[in-house]
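Just model32.cif here, mmCIF, C-alpha atoms:
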data_run
loop_
_atom_site.label_atom_id
_atom_site.label_comp_id
_atom_site.auth_asym_id
_atom_site.auth_seq_id
_atom_site.Cartn_x
_atom_site.Cartn_y
_atom_site.Cartn_z
CA MET A 1 31.52 97.17 138.65
CA ALA A 2 35.08 96.59 137.50
CA ASP A 3 35.99 95.42 140.97
CA VAL A 4 33.19 92.84 140.98
CA THR A 5 34.00 91.37 137.59
CA ARG A 6 37.73 91.25 138.38
CA ARG A 7 37.07 89.37 141.63
CA ALA A 8 34.69 87.05 139.82
CA ARG A 9 37.35 86.30 137.20
CA GLN A 10 39.94 85.60 139.87
CA LEU A 11 37.53 83.27 141.70
CA ILE A 12 36.68 81.38 138.51
CA GLU A 13 40.30 81.02 137.38
CA ALA A 14 41.38 79.85 140.81
CA GLY A 15 38.46 77.43 141.08
CA PHE A 16 39.04 75.46 137.87
CA ASP A 17 41.89 73.52 136.38
CA ARG A 18 42.02 73.13 132.65
CA LEU A 19 39.29 70.75 131.62
CA TRP A 20 38.00 68.80 128.68
CA VAL A 21 34.48 69.71 127.56
CA ARG A 22 32.35 68.19 124.85
CA GLY A 23 29.77 70.24 122.96
CA GLU A 24 28.42 71.42 119.67
CA VAL A 25 29.94 74.45 118.00
CA THR A 26 27.55 77.32 117.15
CA SER A 27 27.96 80.99 116.14
CA PHE A 28 31.51 80.30 114.99
CA LYS A 29 33.35 83.41 113.84
CA SER A 30 36.96 83.83 112.84
CA TYR A 31 38.18 87.43 113.14
CA ARG A 32 40.76 89.14 110.97
CA SER A 33 43.09 89.03 113.94
CA GLY A 34 43.03 85.23 113.61
CA HIS A 35 41.22 84.67 116.92
CA TRP A 36 38.18 82.39 116.95
CA TYR A 37 34.95 83.13 118.84
CA PHE A 38 32.14 80.59 119.16
CA THR A 39 29.55 79.12 121.49
CA LEU A 40 29.68 75.56 122.72
CA ARG A 41 26.39 74.02 123.75
CA ASP A 42 24.71 70.78 124.61
CA ALA A 43 21.12 69.98 125.55
CA GLN A 44 21.45 71.58 129.00
CA ALA A 45 23.80 74.53 128.68
CA GLN A 46 25.92 76.78 126.57
CA VAL A 47 29.07 78.81 127.04
CA ARG A 48 31.00 81.38 125.03
CA CYS A 49 34.46 80.33 123.91
CA VAL A 50 37.54 82.02 122.53
CA MET A 51 40.49 80.27 120.91
CA TRP A 52 43.44 82.56 120.34
CA ARG A 53 45.31 82.58 117.08
CA GLY A 54 48.44 81.11 118.68
CA ASP A 55 46.46 78.05 119.75
CA ASN A 56 44.27 77.55 116.68
CA GLN A 57 46.85 78.01 113.96
CA ARG A 58 48.23 74.51 114.50
CA LEU A 59 44.86 73.02 113.53
CA PRO A 60 44.45 71.95 109.91
CA THR A 61 41.14 73.84 109.59
CA SER A 62 38.48 75.63 111.62
CA PRO A 63 35.37 73.85 112.97
CA GLU A 64 31.93 74.41 111.49
CA ASP A 65 28.69 75.24 113.24
CA GLY A 66 26.98 72.04 114.29
CA MET A 67 30.24 70.08 114.66
CA GLU A 68 30.66 68.17 117.90
CA VAL A 69 34.04 68.74 119.48
CA PHE A 70 36.13 68.21 122.55
CA VAL A 71 37.84 71.30 123.83
CA HIS A 72 40.63 71.53 126.35
CA ALA A 73 39.97 74.87 127.97
CA ARG A 74 40.45 77.17 130.92
CA PRO A 75 37.26 78.74 132.33
CA THR A 76 37.49 82.49 132.86
CA LEU A 77 35.40 85.64 132.91
CA TRP A 78 35.50 88.41 130.34
CA GLU A 79 35.50 91.37 132.68
CA GLU A 80 34.25 94.07 130.25
CA ARG A 81 31.04 92.14 129.62
CA GLY A 82 30.82 90.17 132.82
CA GLU A 83 30.64 87.14 130.60
CA PHE A 84 31.68 83.61 131.64
CA ARG A 85 33.70 81.94 128.91
CA LEU A 86 36.23 79.26 128.04
CA THR A 87 39.68 80.02 126.72
CA VAL A 88 40.19 77.03 124.42
CA LYS A 89 43.70 75.64 124.09
CA GLN A 90 42.90 72.51 122.05
CA LEU A 91 39.98 71.53 119.90
CA ILE A 92 39.33 68.03 118.57
CA PRO A 93 36.30 66.93 116.59
CA THR A 94 34.61 63.87 118.08
CA ALA A 95 34.02 62.42 114.63
CA GLU A 96 37.03 60.77 112.93
CA GLY A 97 38.72 59.47 116.02
CA GLY A 98 36.92 61.42 118.64
CA LEU A 99 37.59 59.83 121.99
CA TRP A 100 40.50 57.89 120.55
CA GLN A 101 42.09 61.09 119.56
CA LEU A 102 41.42 62.61 122.94
CA GLN A 103 43.10 59.69 124.66
CA LEU A 104 46.04 60.00 122.29
CA GLU A 105 46.40 63.68 123.05
CA ARG A 106 46.37 63.00 126.76
CA ALA A 107 48.97 60.22 126.48
CA LYS A 108 51.13 62.39 124.27
CA ALA A 109 51.00 65.22 126.77
CA ALA A 110 52.05 62.84 129.55
CA LEU A 111 54.99 61.54 127.50
CA GLU A 112 55.96 65.07 126.63
CA ARG A 113 55.95 66.05 130.29
CA ASP A 114 58.31 63.18 131.04
CA GLY A 115 60.65 64.25 128.28
CA LEU A 116 60.11 61.05 126.27
CA LEU A 117 59.38 62.96 123.07
CA ASP A 118 62.60 64.96 123.30
CA PRO A 119 64.48 64.61 119.98
CA ALA A 120 67.74 64.56 121.98
CA ARG A 121 66.77 61.11 123.29
CA LYS A 122 66.99 59.62 119.83
CA ARG A 123 69.93 57.28 119.40
CA PRO A 124 71.70 56.53 116.12
CA LEU A 125 71.21 53.06 114.67
CA PRO A 126 74.27 50.76 114.64
CA PRO A 127 75.85 50.64 111.17
CA TYR A 128 76.28 46.85 111.04
CA PRO A 129 73.82 45.15 113.39
CA GLU A 130 74.25 41.43 113.83
CA ARG A 131 71.33 40.56 116.02
CA ILE A 132 67.97 42.25 115.64
CA ALA A 133 64.91 41.72 117.83
CA VAL A 134 61.51 42.04 116.18
CA VAL A 135 58.54 42.56 118.45
CA THR A 136 55.51 41.62 116.38
CA SER A 137 53.04 38.88 115.60
CA PRO A 138 54.85 35.74 114.36
CA ASP A 139 52.11 35.20 111.78
CA GLY A 140 51.74 38.75 110.57
CA ALA A 141 52.55 40.40 107.27
CA ALA A 142 55.00 42.66 109.10
CA LEU A 143 57.35 39.78 109.90
CA ARG A 144 57.11 38.37 106.37
CA ASP A 145 57.98 41.78 104.92
CA ILE A 146 60.91 42.28 107.28
CA VAL A 147 62.32 38.80 106.54
CA SER A 148 62.07 39.30 102.80
CA VAL A 149 63.81 42.68 102.90
CA LEU A 150 66.64 41.34 105.10
CA GLU A 151 67.10 38.29 102.87
CA ARG A 152 67.52 40.53 99.88
CA ARG A 153 69.49 43.32 101.47
CA TRP A 154 71.63 42.01 104.31
CA PRO A 155 71.17 38.39 105.39
CA ALA A 156 74.25 38.38 107.65
CA VAL A 157 72.05 38.96 110.71
CA GLU A 158 70.17 36.93 113.26
CA LEU A 159 66.58 37.96 113.54
CA TRP A 160 65.04 37.16 116.92
CA VAL A 161 61.27 37.28 116.82
CA VAL A 162 59.64 38.14 120.13
CA PRO A 163 56.05 37.06 119.55
CA THR A 164 53.17 39.20 120.75
CA LEU A 165 49.59 40.01 120.04
CA VAL A 166 49.43 43.30 118.17
CA GLN A 167 45.71 43.99 118.39
CA GLY A 168 42.65 43.13 120.43
CA ASP A 169 42.26 42.36 124.11
CA GLY A 170 45.54 41.94 125.91
CA ALA A 171 47.62 43.36 123.04
CA GLU A 172 48.88 46.27 125.12
CA ASP A 173 50.06 44.07 127.98
CA GLU A 174 51.67 41.54 125.65
CA LEU A 175 53.45 44.27 123.72
CA CYS A 176 54.79 45.71 126.97
CA ALA A 177 56.01 42.30 128.16
CA ALA A 178 57.64 41.57 124.79
CA LEU A 179 59.39 44.93 124.74
CA GLU A 180 60.62 44.33 128.24
CA MET A 181 61.94 40.93 127.18
CA VAL A 182 64.10 42.57 124.50
CA ASN A 183 66.17 44.01 127.35
CA ALA A 184 66.82 40.47 128.62
CA LEU A 185 68.12 39.15 125.29
CA PRO A 186 71.89 38.78 124.91
CA GLU A 187 74.00 40.87 122.53
CA MET A 188 71.08 42.56 120.85
CA ASP A 189 72.08 45.44 118.57
CA LEU A 190 68.74 46.79 117.50
CA ALA A 191 64.99 46.26 117.89
CA ILE A 192 62.00 46.75 115.62
CA VAL A 193 58.45 46.99 116.95
CA GLY A 194 55.51 47.09 114.63
CA ARG A 195 52.75 45.54 112.60
CA GLY A 196 51.20 45.80 109.20
CA GLY A 197 48.37 48.10 108.27
CA GLY A 198 44.86 47.92 109.68
CA SER A 199 41.99 50.05 110.80
CA ARG A 200 42.48 52.84 113.28
CA GLU A 201 41.16 50.57 116.03
CA ASP A 202 43.49 47.72 114.95
CA LEU A 203 46.52 49.93 115.32
CA TRP A 204 45.41 51.37 118.60
CA ALA A 205 47.68 49.40 120.92
CA PHE A 206 50.55 51.36 119.38
CA ASN A 207 48.93 54.56 120.62
CA SER A 208 48.80 53.33 124.18
CA GLU A 209 50.77 55.36 126.66
CA GLN A 210 51.86 52.20 128.46
CA VAL A 211 53.23 50.64 125.25
CA ALA A 212 54.93 53.89 124.29
CA ARG A 213 56.68 53.93 127.66
CA ALA A 214 57.78 50.32 127.14
CA VAL A 215 59.24 51.32 123.75
CA ALA A 216 61.09 54.20 125.39
CA ALA A 217 62.52 51.78 127.97
CA VAL A 218 64.13 49.46 125.41
CA ARG A 219 67.88 49.72 125.94
CA VAL A 220 68.96 49.25 122.34
CA PRO A 221 68.04 51.58 119.48
CA ILE A 222 64.51 50.81 118.36
CA ILE A 223 62.58 51.40 115.16
CA SER A 224 58.80 51.74 115.24
CA ALA A 225 56.89 50.67 112.14
CA VAL A 226 53.13 50.69 112.41
CA GLY A 227 50.64 50.37 109.60
CA HIS A 228 50.91 51.77 106.16
CA GLU A 229 52.47 55.17 105.79
CA THR A 230 49.66 57.42 106.95
CA ASP A 231 49.10 58.01 110.65
CA VAL A 232 51.89 58.50 113.12
CA SER A 233 51.42 56.45 116.26
CA LEU A 234 52.63 57.15 119.76
CA THR A 235 55.29 54.44 119.55
CA ASP A 236 56.64 56.22 116.43
CA LEU A 237 57.15 59.33 118.51
CA VAL A 238 59.16 57.68 121.28
CA ALA A 239 61.18 55.27 119.09
CA ASP A 240 64.63 56.27 117.86
CA VAL A 241 63.50 55.96 114.26
CA ARG A 242 60.03 55.95 112.77
CA ALA A 243 59.56 53.83 109.69
CA PRO A 244 56.38 54.19 107.67
CA THR A 245 56.12 50.41 107.10
CA PRO A 246 57.76 47.23 108.44
CA SER A 247 59.64 46.87 105.13
CA ALA A 248 61.00 50.38 105.55
CA ALA A 249 62.05 49.47 109.09
CA ALA A 250 64.07 46.54 107.76
CA GLU A 251 65.67 48.80 105.16
CA ALA A 252 66.63 51.29 107.84
CA ALA A 253 67.95 48.54 110.13
CA VAL A 254 70.69 47.11 107.93
CA PRO A 255 73.35 48.56 105.66
CA ASP A 256 73.06 48.60 101.93
CA ARG A 257 74.94 45.65 100.51
CA ALA A 258 76.16 47.45 97.38
CA ALA A 259 77.46 50.42 99.37
CA THR A 260 79.21 48.08 101.79
CA GLN A 261 80.73 46.11 98.93
CA ASP A 262 82.15 49.39 97.66
CA ARG A 263 83.56 50.14 101.08
CA VAL A 264 85.19 46.72 101.36
CA GLY A 265 86.50 47.06 97.81
CA ALA A 266 88.07 50.41 98.68
CA LEU A 267 89.76 48.83 101.70
CA ALA A 268 91.07 45.99 99.54
CA ARG A 269 92.60 48.50 97.13
CA ARG A 270 94.16 50.49 99.96
CA LEU A 271 95.58 47.26 101.38
CA ALA A 272 97.21 46.33 98.07
CA ARG A 273 98.46 49.85 97.48
CA GLY A 274 99.76 50.00 101.04
CA LEU A 275 101.87 46.90 100.50
CA GLY A 276 103.00 48.12 97.06
CA ASN A 277 104.16 51.39 98.60
CA GLN A 278 105.98 49.57 101.36
CA ALA A 279 107.77 47.38 98.80
CA GLU A 280 108.70 50.48 96.83
CA LEU A 281 109.99 52.14 99.97
CA GLY A 282 111.98 49.00 100.81
CA LYS A 283 113.53 48.97 97.38
CA GLU A 284 114.49 52.61 97.68
CA ARG A 285 116.03 51.96 101.05
CA LEU A 286 118.00 49.06 99.64
CA GLU A 287 119.25 51.23 96.79
CA ARG A 288 120.27 53.94 99.19
CA THR A 289 122.19 51.35 101.20
CA ALA A 290 123.93 50.04 98.08
CA ASP A 291 124.92 53.59 97.16
CA ARG A 292 126.36 54.12 100.59
CA LEU A 293 128.22 50.82 100.36
CA GLY A 294 129.61 51.82 96.95
CA ALA A 295 130.70 55.17 98.30
CA ALA A 296 132.49 53.49 101.18
CA VAL A 297 134.35 51.13 98.83
CA GLN A 298 135.21 54.06 96.65
CA ARG A 299 136.66 55.91 99.61
CA GLN A 300 138.77 52.89 100.54
CA VAL A 301 140.10 52.60 97.00
CA GLU A 302 140.84 56.28 96.96
CA ALA A 303 142.72 56.07 100.25
CA ARG A 304 144.81 53.19 98.99
CA ARG A 305 145.60 55.01 95.81
CA HIS A 306 146.80 58.03 97.77
CA ARG A 307 148.94 55.81 99.90
CA LEU A 308 150.42 54.13 96.84
CA GLU A 309 151.18 57.46 95.28
CA GLY A 310 152.83 58.57 98.48
CA LEU A 311 154.94 55.46 98.50
CA SER A 312 155.98 55.79 94.88
CA GLY A 313 157.00 59.39 95.57
CA LYS A 314 159.36 58.16 98.25
CA LEU A 315 160.66 55.50 95.93
CA ASP A 316 161.42 58.16 93.35
CA ALA A 317 163.24 60.30 95.85
CA LEU A 318 165.52 57.41 96.62
CA SER A 319 166.51 56.88 92.98
CA PRO A 320 170.13 58.03 92.09
CA LEU A 321 168.81 59.79 89.08
CA ARG A 322 167.04 62.27 91.30
CA VAL A 323 170.32 62.98 93.11
CA LEU A 324 172.05 63.71 89.79
CA GLN A 325 169.23 66.06 88.90
CA ARG A 326 170.09 68.16 91.90
CA GLY A 327 173.61 68.76 90.34
CA TYR A 328 175.61 65.84 91.70
CA ALA A 329 177.67 63.58 89.39
CA VAL A 330 178.86 60.01 89.73
CA ALA A 331 182.43 59.17 88.71
CA ARG A 332 183.10 55.68 87.35
CA ASP A 333 186.35 54.13 86.04
CA GLU A 334 186.62 52.50 82.60
CA ALA A 335 185.26 49.29 84.10
CA GLY A 336 182.19 51.10 85.41
CA ARG A 337 183.09 50.93 89.10
CA VAL A 338 182.06 53.95 91.13
CA LEU A 339 185.00 56.00 92.31
CA LYS A 340 184.13 57.19 95.77
CA ARG A 341 187.48 58.23 97.28
CA ALA A 342 190.14 60.75 96.05
CA ALA A 343 192.85 58.07 96.37
CA GLN A 344 191.21 56.12 93.59
CA PHE A 345 191.94 58.98 91.19
CA SER A 346 195.62 58.21 90.29
CA PRO A 347 197.22 60.86 88.03
CA GLY A 348 196.36 60.42 84.38
CA LEU A 349 193.45 58.02 85.17
CA PRO A 350 190.71 58.23 82.59
CA PHE A 351 187.18 58.08 84.04
CA ARG A 352 183.62 58.93 83.16
CA LEU A 353 181.37 61.46 84.86
CA GLU A 354 177.79 60.41 84.86
CA LEU A 355 175.36 63.36 84.89
CA ALA A 356 171.59 63.41 84.87
CA ASP A 357 171.44 63.95 81.12
CA GLY A 358 174.51 62.02 79.97
CA GLU A 359 178.22 61.19 80.37
CA VAL A 360 181.41 63.22 80.14
CA ARG A 361 184.76 61.56 79.60
CA ALA A 362 187.55 62.94 81.84
CA ARG A 363 191.16 62.33 83.09
CA THR A 364 192.93 63.09 86.37
CA LEU A 365 195.60 65.83 85.85
CA GLU A 366 199.28 64.90 86.37
CA ASP A 367 201.01 66.09 89.63
CA ASP A 368 203.07 69.27 89.29
CA ALA A 369 201.68 69.96 85.88
CA MET B 1 73.39 32.21 123.12
CA THR B 2 76.56 33.99 122.03
CA ARG B 3 77.15 34.49 118.36
CA GLU B 4 78.94 31.83 116.38
CA LYS B 5 79.65 33.98 113.37
CA PRO B 6 82.55 36.40 113.07
CA SER B 7 81.37 39.96 113.34
CA PHE B 8 81.30 41.98 110.14
CA ARG B 9 81.72 45.17 112.10
CA ASP B 10 84.81 43.80 113.89
CA GLU B 11 86.35 42.54 110.67
CA LEU B 12 85.78 45.87 108.99
CA GLU B 13 87.17 47.84 111.91
CA GLN B 14 90.25 45.60 112.11
CA LEU B 15 90.73 45.86 108.37
CA GLU B 16 90.61 49.63 108.57
CA ALA B 17 93.15 49.64 111.39
CA ILE B 18 95.46 47.35 109.38
CA VAL B 19 95.22 49.51 106.28
CA ARG B 20 96.02 52.61 108.33
CA GLN B 21 99.10 50.92 109.83
CA LEU B 22 100.20 49.70 106.43
CA GLU B 23 99.92 53.23 105.08
CA ASP B 24 102.37 54.47 107.70
CA PRO B 25 105.69 54.93 105.86
CA ASP B 26 107.68 54.08 109.00
CA VAL B 27 106.48 50.49 109.20
CA ASP B 28 109.22 48.02 108.21
CA LEU B 29 108.83 45.64 105.34
CA ASP B 30 108.51 42.46 107.44
CA ARG B 31 105.76 44.06 109.49
CA ALA B 32 104.12 45.35 106.31
CA LEU B 33 104.00 41.83 104.95
CA GLU B 34 102.46 40.56 108.18
CA LEU B 35 99.87 43.32 108.09
CA PHE B 36 99.08 42.58 104.50
CA GLU B 37 98.55 38.90 105.18
CA GLU B 38 96.29 39.63 108.12
CA GLY B 39 94.42 42.17 106.03
CA VAL B 40 93.84 39.62 103.30
CA ARG B 41 92.49 37.14 105.88
CA ARG B 42 90.08 39.73 107.28
CA LEU B 43 89.06 40.81 103.81
CA LYS B 44 88.14 37.23 103.03
CA VAL B 45 85.99 36.93 106.16
CA ALA B 46 84.25 40.24 105.42
CA ARG B 47 83.57 39.16 101.86
CA THR B 48 82.22 35.81 102.99
CA LEU B 49 79.83 37.61 105.33
CA LEU B 50 78.85 39.97 102.55
CA GLU B 51 78.04 37.06 100.31
CA GLN B 52 76.11 35.18 102.95
CA SER B 53 72.64 34.58 101.65
CA GLU B 54 70.85 32.74 104.42
CA LEU B 55 69.08 34.77 107.06
CA THR B 56 68.79 33.21 110.53
CA VAL B 57 65.36 33.65 112.06
CA LYS B 58 64.72 32.53 115.63
CA ARG B 59 61.71 32.71 117.86
CA VAL B 60 62.14 33.81 121.45
CA LEU B 61 60.24 31.74 123.97
CA GLN B 62 59.90 32.08 127.69
CA ASP B 63 59.42 29.00 129.85
CA ALA B 64 57.13 28.95 132.86
CA ASP B 65 60.11 29.50 135.16
CA GLY B 66 61.05 32.63 133.22
CA THR B 67 63.99 31.10 131.31
CA ILE B 68 64.38 32.58 127.87
CA ARG B 69 65.26 30.26 124.99
CA THR B 70 65.03 30.36 121.22
CA ASP B 71 63.98 27.92 118.55
CA GLU B 72 64.09 28.07 114.77
CA LEU B 73 61.03 29.76 113.40
CA GLU B 74 59.25 27.78 110.71
CA ARG B 75 58.95 29.82 107.56
#

How does this structure look as structure tokens?
Amino acid sequence: MADVTRRARQLIEAGFDRLWVRGEVTSFKSYRSGHWYFTLRDAQAQVRCVMWRGDNQRLPTSPEDGMEVFVHARPTLWEERGEFRLTVKQLIPTAEGGLWQLQLERAKAALERDGLLDPARKRPLPPYPERIAVVTSPDGAALRDIVSVLERRWPAVELWVVPTLVQGDGAEDELCAALEMVNALPEMDLAIVGRGGGSREDLWAFNSEQVARAVAAVRVPIISAVGHETDVSLTDLVADVRAPTPSAAAEAAVPDRAATQDRVGALARRLARGLGNQAELGKERLERTADRLGAAVQRQVEARRHRLEGLSGKLDALSPLRVLQRGYAVARDEAGRVLKRAAQFSPGLPFRLELADGEVRARTLEDDA
Amino acid sequence: MTREKPSFRDELEQLEAIVRQLEDPDVDLDRALELFEEGVRRLKVARTLLEQSELTVKRVLQDADGTIRTDELER
């Protein structure tokens, strides 16, 4: 038995790829383990299904009996019971989107496979864009909203409108062509793609896989802004930034004027302070130079003074008074003439001896006395 | 198709570079004065751009031969 059911399971699993099936849910039961068991049926057939906890817990809620759904599932065989069943990986109600949703899921999976939903792809927006491309309808509310936000917030930009249909027949192709044209525009800093709100069907072009790929191929950072807040579209997922509305896209695209004024103001203050500090430094340098100059002059004066003192010392040494101080005396006759030779001292000659501190009167002794 | 306006980003970047140079204590006074004057010029341009109030809106058109051109969009 076990051998038969195992071989049957292997045959079934090898014979099917994952497939999408539509049917009505019956006998739905959620077990304590979190796994779901139910039967899917249509007018011709029915099949047992299981959806494991790991796959169903991402869903907002469980389906009800009688609800028509699409399931993405892998056919298999439950060996213990010999029962054919589907292992459900995804479950989408056909109501509220239905096929639309299915298409979206398929496109999303394809983009995911190609790595286009990778958060690492997302580029930062330029801080001060100067030229912005807007891919939208030239008559739509989206453009009016974007223009009015830019006028208020940061008018120092050029807005280049690349006109396109955003809904109806041909919208997908036009959107793709317009997005491609953005890459041909010169010196573009940033792009915005979007439209105002509308019904699910109106917004559908922005859930097209082809348009999403065109958004991903834009070479400048791109903001996607579709509709009014609620649903996230496929272009939102591949764009660098998702904005809930076109106005929000414009806000995200340009800097805040007040914050930038502050930044410029801070630079102006630093500029003034920078110059002030330089002037202060210059003054200090000048003062230091003057001090050095003063010191040099001082040294010169000092040197001259020393020299003068040296000279006056020599002058002093040459003065006769200094000689007398060392114990010498000068002899002068009554007339004041200096008597330098012994012959000038005739016997009995009165003369004066000049000493350092005064005079002494004297007389030459007589011969033979 | 090139831009006629000075670039705010460039002015701001230049201004920041000037301020950084001016804040270097080794810069001499003559150079500091030059830097200051250039900074003031750039500051003026940046402020003019900041005070600009008219947004330029153009429409991109493609001629039959594929040439891209722009015209003013009526608003």

Identify every residue of chain A that has at least one atom within 10 Å of any atom of chain B, counting all atoms listed in the file, and report the result as a short mmCIF file (atom, residue, chain, number, x, y, z; two decimals) with C-alpha atoms, in the coordinates of the input.
data_model
loop_
_atom_site.label_atom_id
_atom_site.label_comp_id
_atom_site.auth_asym_id
_atom_site.auth_seq_id
_atom_site.Cartn_x
_atom_site.Cartn_y
_atom_site.Cartn_z
CA PRO A 126 74.27 50.76 114.64
CA PRO A 127 75.85 50.64 111.17
CA TYR A 128 76.28 46.85 111.04
CA PRO A 129 73.82 45.15 113.39
CA GLU A 130 74.25 41.43 113.83
CA ARG A 131 71.33 40.56 116.02
CA ILE A 132 67.97 42.25 115.64
CA ALA A 133 64.91 41.72 117.83
CA VAL A 134 61.51 42.04 116.18
CA VAL A 135 58.54 42.56 118.45
CA PRO A 138 54.85 35.74 114.36
CA ASP A 139 52.11 35.20 111.78
CA ARG A 144 57.11 38.37 106.37
CA VAL A 147 62.32 38.80 106.54
CA SER A 148 62.07 39.30 102.80
CA LEU A 150 66.64 41.34 105.10
CA GLU A 151 67.10 38.29 102.87
CA ARG A 152 67.52 40.53 99.88
CA ARG A 153 69.49 43.32 101.47
CA TRP A 154 71.63 42.01 104.31
CA PRO A 155 71.17 38.39 105.39
CA ALA A 156 74.25 38.38 107.65
CA VAL A 157 72.05 38.96 110.71
CA GLU A 158 70.17 36.93 113.26
CA LEU A 159 66.58 37.96 113.54
CA TRP A 160 65.04 37.16 116.92
CA VAL A 161 61.27 37.28 116.82
CA VAL A 162 59.64 38.14 120.13
CA PRO A 163 56.05 37.06 119.55
CA ALA A 178 57.64 41.57 124.79
CA MET A 181 61.94 40.93 127.18
CA VAL A 182 64.10 42.57 124.50
CA ALA A 184 66.82 40.47 128.62
CA LEU A 185 68.12 39.15 125.29
CA PRO A 186 71.89 38.78 124.91
CA GLU A 187 74.00 40.87 122.53
CA ARG A 257 74.94 45.65 100.51
CA ALA A 258 76.16 47.45 97.38
CA THR A 260 79.21 48.08 101.79
CA GLN A 261 80.73 46.11 98.93
CA ARG A 263 83.56 50.14 101.08
CA VAL A 264 85.19 46.72 101.36
CA GLY A 265 86.50 47.06 97.81
CA LEU A 267 89.76 48.83 101.70
CA ALA A 268 91.07 45.99 99.54
CA ARG A 269 92.60 48.50 97.13
CA ARG A 270 94.16 50.49 99.96
CA LEU A 271 95.58 47.26 101.38
CA ALA A 272 97.21 46.33 98.07
CA ARG A 273 98.46 49.85 97.48
CA GLY A 274 99.76 50.00 101.04
CA LEU A 275 101.87 46.90 100.50
CA GLY A 276 103.00 48.12 97.06
CA ASN A 277 104.16 51.39 98.60
CA GLN A 278 105.98 49.57 101.36
CA ALA A 279 107.77 47.38 98.80
CA GLU A 280 108.70 50.48 96.83
CA LEU A 281 109.99 52.14 99.97
CA GLY A 282 111.98 49.00 100.81
CA LYS A 283 113.53 48.97 97.38
#

Worksheet entry | Separation of CA of Val238 in chain A from CA of Asp145 in chain A in Å |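 One can read the CA of Asp145 in chain A to CA of Val238 in chain A distance as 22.8 Å.
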
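The space separating CA of Ala249 in chain A from CA of Val211 in chain A comes to 18.4 Å.
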
Discussion item. Since I can't run it myself right now, could you work out what the PyMOL selection byres ((chain A and resi 231-234) around 9) selects here and report it as a list in words?
Written reply: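 Selected by the PyMOL selection byres ((chain A and resi 231-234) around 9) here: Leu104, Ala107, Lys108, Arg200, Leu203, Trp204, Phe206, Asn207, Ser208, Glu209, Val211, Ala212, Ser224, Ala225, Val226, Gly227, His228, Glu229, Thr230, Thr235, Asp236, Leu237, Val238, Ala239, Arg242 and Pro244 of chain A.
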
Discussion item. Between CA of Asp55 in chain A and CA of Val88 in chain A, what is the distance in Å, rounded to a tenth?
Written reply: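 According to the coordinates, CA of Asp55 in chain A and CA of Val88 in chain A are separated by 7.9 Å.
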
Discussion item. Given the point (43.6, 88.1, 116.2) in the file's coordinates, find the residues that have an atom at most 12 Å from it, counting only C-alpha atoms, and give them as a PyMOL selection string.
Written reply: chain A and resi 29-37+50-57

Fill in: Expected residue set, 10 Å radius at (58.2, 51.4, 127.2), only C-alpha atoms, as a ChimeraX atom specification
/A:116,175-177,179-180,209-219,235,238-239

Discussion item. On this structure, the PyMOL selection byres ((chain A and resi 87) around 12) would catch which residues? List them as a VMD selection string, sorted by chain and number.
Written reply: chain A and resid 13 17 to 21 35 to 40 47 to 56 71 to 78 84 to 86 88 to 91

Those residues you just picked out, can you put them in a file as an mmCIF file, keeping the file's coordinate frame with C-alpha atoms?
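Final file, result-v1.cif:
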data_model
loop_
_atom_site.group_PDB
_atom_site.id
_atom_site.type_symbol
_atom_site.label_atom_id
_atom_site.label_comp_id
_atom_site.auth_asym_id
_atom_site.auth_seq_id
_atom_site.Cartn_x
_atom_site.Cartn_y
_atom_site.Cartn_z
ATOM 1 C CA GLU A 13 40.300 81.020 137.380
ATOM 2 C CA ASP A 17 41.890 73.520 136.380
ATOM 3 C CA ARG A 18 42.020 73.130 132.650
ATOM 4 C CA LEU A 19 39.290 70.750 131.620
ATOM 5 C CA TRP A 20 38.000 68.800 128.680
ATOM 6 C CA VAL A 21 34.480 69.710 127.560
ATOM 7 C CA HIS A 35 41.220 84.670 116.920
ATOM 8 C CA TRP A 36 38.180 82.390 116.950
ATOM 9 C CA TYR A 37 34.950 83.130 118.840
ATOM 10 C CA PHE A 38 32.140 80.590 119.160
ATOM 11 C CA THR A 39 29.550 79.120 121.490
ATOM 12 C CA LEU A 40 29.680 75.560 122.720
ATOM 13 C CA VAL A 47 29.070 78.810 127.040
ATOM 14 C CA ARG A 48 31.000 81.380 125.030
ATOM 15 C CA CYS A 49 34.460 80.330 123.910
ATOM 16 C CA VAL A 50 37.540 82.020 122.530
ATOM 17 C CA MET A 51 40.490 80.270 120.910
ATOM 18 C CA TRP A 52 43.440 82.560 120.340
ATOM 19 C CA ARG A 53 45.310 82.580 117.080
ATOM 20 C CA GLY A 54 48.440 81.110 118.680
ATOM 21 C CA ASP A 55 46.460 78.050 119.750
ATOM 22 C CA ASN A 56 44.270 77.550 116.680
ATOM 23 C CA VAL A 71 37.840 71.300 123.830
ATOM 24 C CA HIS A 72 40.630 71.530 126.350
ATOM 25 C CA ALA A 73 39.970 74.870 127.970
ATOM 26 C CA ARG A 74 40.450 77.170 130.920
ATOM 27 C CA PRO A 75 37.260 78.740 132.330
ATOM 28 C CA THR A 76 37.490 82.490 132.860
ATOM 29 C CA LEU A 77 35.400 85.640 132.910
ATOM 30 C CA TRP A 78 35.500 88.410 130.340
ATOM 31 C CA PHE A 84 31.680 83.610 131.640
ATOM 32 C CA ARG A 85 33.700 81.940 128.910
ATOM 33 C CA LEU A 86 36.230 79.260 128.040
ATOM 34 C CA VAL A 88 40.190 77.030 124.420
ATOM 35 C CA LYS A 89 43.700 75.640 124.090
ATOM 36 C CA GLN A 90 42.900 72.510 122.050
ATOM 37 C CA LEU A 91 39.980 71.530 119.900
#
